[in-house]
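Below you'll find the structure, written out as structure tokens, and then a few comments.
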There are 2 protein chains.
Amino acid sequence: MARRSEHTREELTGMAIDAGCEMIAEKGFQQFSARGVAAKIGYTVGTLYHLFGTLDQFILHINARTLDSMYDEVAKGVAKKPAAGQLIHHLAHGYLAFAKKNYNLWSALFEHRLEDGSTEVPDWYAPKMTRLFGLIEESVLPQVKGDRKKAARLARLLWASVHGITTLSLAGKLEIVQADHADKMIDDLLEVTLGYKKK
Amino acid sequence: MARRSEHTREELTGMAIDAGCEMIAEKGFQQFSARGVAAKIGYTVGTLYHLFGTLDQFILHINARTLDSMYDEVAKGVAKKPAAGQLIHHLAHGYLAFAKKNYNLWSALFEHRLEDGSTEVPDWYAPKMTRLFGLIEESVLPQVKGDRKKAARLARLLWASVHGITTLSLAGKLEIVQADHADKMIDDLLEVTLGYKKK
DNA sequence: CCATAGAATTAAACACTGTACAATAAATAA
DNA sequence: TTATTTATTGTACAGTGTTTAATTCTATGG
């Protein structure tokens, strides 16, 4: 009924986010529930609301963690790939690979729709996206001879396209037309967009 | 309590799908509920289950109708655009326009995830996708000098890319990087992919 | 024309959701 | 020690999808 002082508030939020990630990874976003997470960490829903205020905020924290690990995984090999072509290839295929490997967590990123109207994302969340995006922008810079404005445009285009390929192929919506080889499609995209063949 | 005979079974399914479409269009897929639809047509949830078996099947029927109207709207102007470039432009922008105009219905197409495992879509559903896809394939045929295999590949690529652009921009996930002009991005994509400028 | 078989419709129940809130118990401040 | 703040719980409410037994109508056959 009252303060337990077994864990600090920070520990608790950590535990909750851990459990939430696990739950989504295992059962998918649809099966995710506040009560389930609460049970998993040995507390009650009330505590979660006390920690995060609203379920939306809680999910936002979970998604933020996913964005972080996506960044880590994708950024890992960047230093090793100086050639422009290899770099963007690395990023694009890295994105797909991450989505494939962590399908439930990745798709939670997009399945989670904020409540009506409040399209706004918290201040601490946006940077997690932009730094990921910045990676792509950098990788594409040589292609446009250092023109940052063009780089931004191209990066957006590439990202959206790769995202579309990833989405449709992983959701099985492309199966109908036999296109489960998303990696090949990404190669096609990059070839046609950047004007060179892989390898 | 029993058969009312105010409507035939076919009328009833029609009414239910109508009401379901309206409901999603107005309130979004999240707010959609079987009980809500039932109330709207003056029946009970039980009747819906009697008609469609499961909620998944019901939603599939709603989505099928959306696919149909998307096809109608997109295919409308096709006969008038014989030039290869204009045609694919028309389709791409048509897709975006439809998604923008019918955002809730369109996004229900992708928000609806089938229950675990059963990735399979019913036999009557698949053709609704393939004929839409065929439209794109045709439109791209001149570009690859009639090579149907190449056309299929290019069509998949374009579709996935346009879909990605549409998804991210309409969900506001690109706002972070100021890219709300999806139409411009589509032009970029087509220019870079097909090798010509618009107009 | 009436009894009976069959099918449609309902109400109720079950096991879940998210969310809110008053009550309680522990830690901290005075 | 007493008072105050704060964490935690249990409980409750209004929803959800789904199932099932019981109804009540329609149509069929005798």
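Each chain in the structure tokens gets a letter, A, B, ..., in the order shown, and its residues are numbered from 1; ligands are numbered from 1 in order too.
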
Restrict the calculation to only C-alpha atoms (C1' of nucleotides), then for each residue of chain D with any atom at most 12 Å from an atom of chain B give the closest atom pair and their distance in Å to one decimal, rows by chain and rising residue number, as JSON lines.
{"residue": "D:DG15", "atom": "C1'", "partner": "B:Ser33", "partner_atom": "CA", "distance": 10.0}
{"residue": "D:DT16", "atom": "C1'", "partner": "B:Ser33", "partner_atom": "CA", "distance": 7.7}
{"residue": "D:DG17", "atom": "C1'", "partner": "B:Leu55", "partner_atom": "CA", "distance": 8.1}
{"residue": "D:DT18", "atom": "C1'", "partner": "B:Thr54", "partner_atom": "CA", "distance": 8.8}
{"residue": "D:DT19", "atom": "C1'", "partner": "B:Gly46", "partner_atom": "CA", "distance": 9.5}
{"residue": "D:DT20", "atom": "C1'", "partner": "B:Gly46", "partner_atom": "CA", "distance": 10.5}
{"residue": "D:DA21", "atom": "C1'", "partner": "B:Met1", "partner_atom": "CA", "distance": 11.9}
{"residue": "D:DA22", "atom": "C1'", "partner": "B:Met1", "partner_atom": "CA", "distance": 8.7}
{"residue": "D:DT23", "atom": "C1'", "partner": "B:Met1", "partner_atom": "CA", "distance": 5.4}
{"residue": "D:DT24", "atom": "C1'", "partner": "B:Ala2", "partner_atom": "CA", "distance": 4.6}
{"residue": "D:DC25", "atom": "C1'", "partner": "B:Arg3", "partner_atom": "CA", "distance": 4.9}
{"residue": "D:DT26", "atom": "C1'", "partner": "B:Arg3", "partner_atom": "CA", "distance": 7.1}
{"residue": "D:DA27", "atom": "C1'", "partner": "B:Arg3", "partner_atom": "CA", "distance": 11.4}

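Residue-level contact on chain C: within 10 Å of chain A, counting only C-alpha atoms (C1' of nucleotides), the set is DT17, DG18, DT19, DA20, DA23, DT24, DA25, DA26 and DA27 of chain C.
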
Expected answer as a PyMOL selection string: chain B residues within 6 Å of chain A, only C-alpha atoms: chain B and resi 160-161+163-165+192-193

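Picture a line from atom CA of A:Val37 to atom CA of A:Thr66; it runs 16.9 Å.
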
DSSP alpha helix (DSSP H) residues within stretch 68-128 of chain A, as a ChimeraX atom specification: /A:68-76,84-101,103-111,126-128

Near-B:Lys128 list (9 Å; only C-alpha atoms (C1' of nucleotides); drop same-chain fewer than 5 positions) as a PyMOL selection string: chain B and resi 64+67-68+71+133

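The interatomic distance for the pair atom CA of B:Ala38 and atom CA of B:Met70 works out to 25.7 Å.
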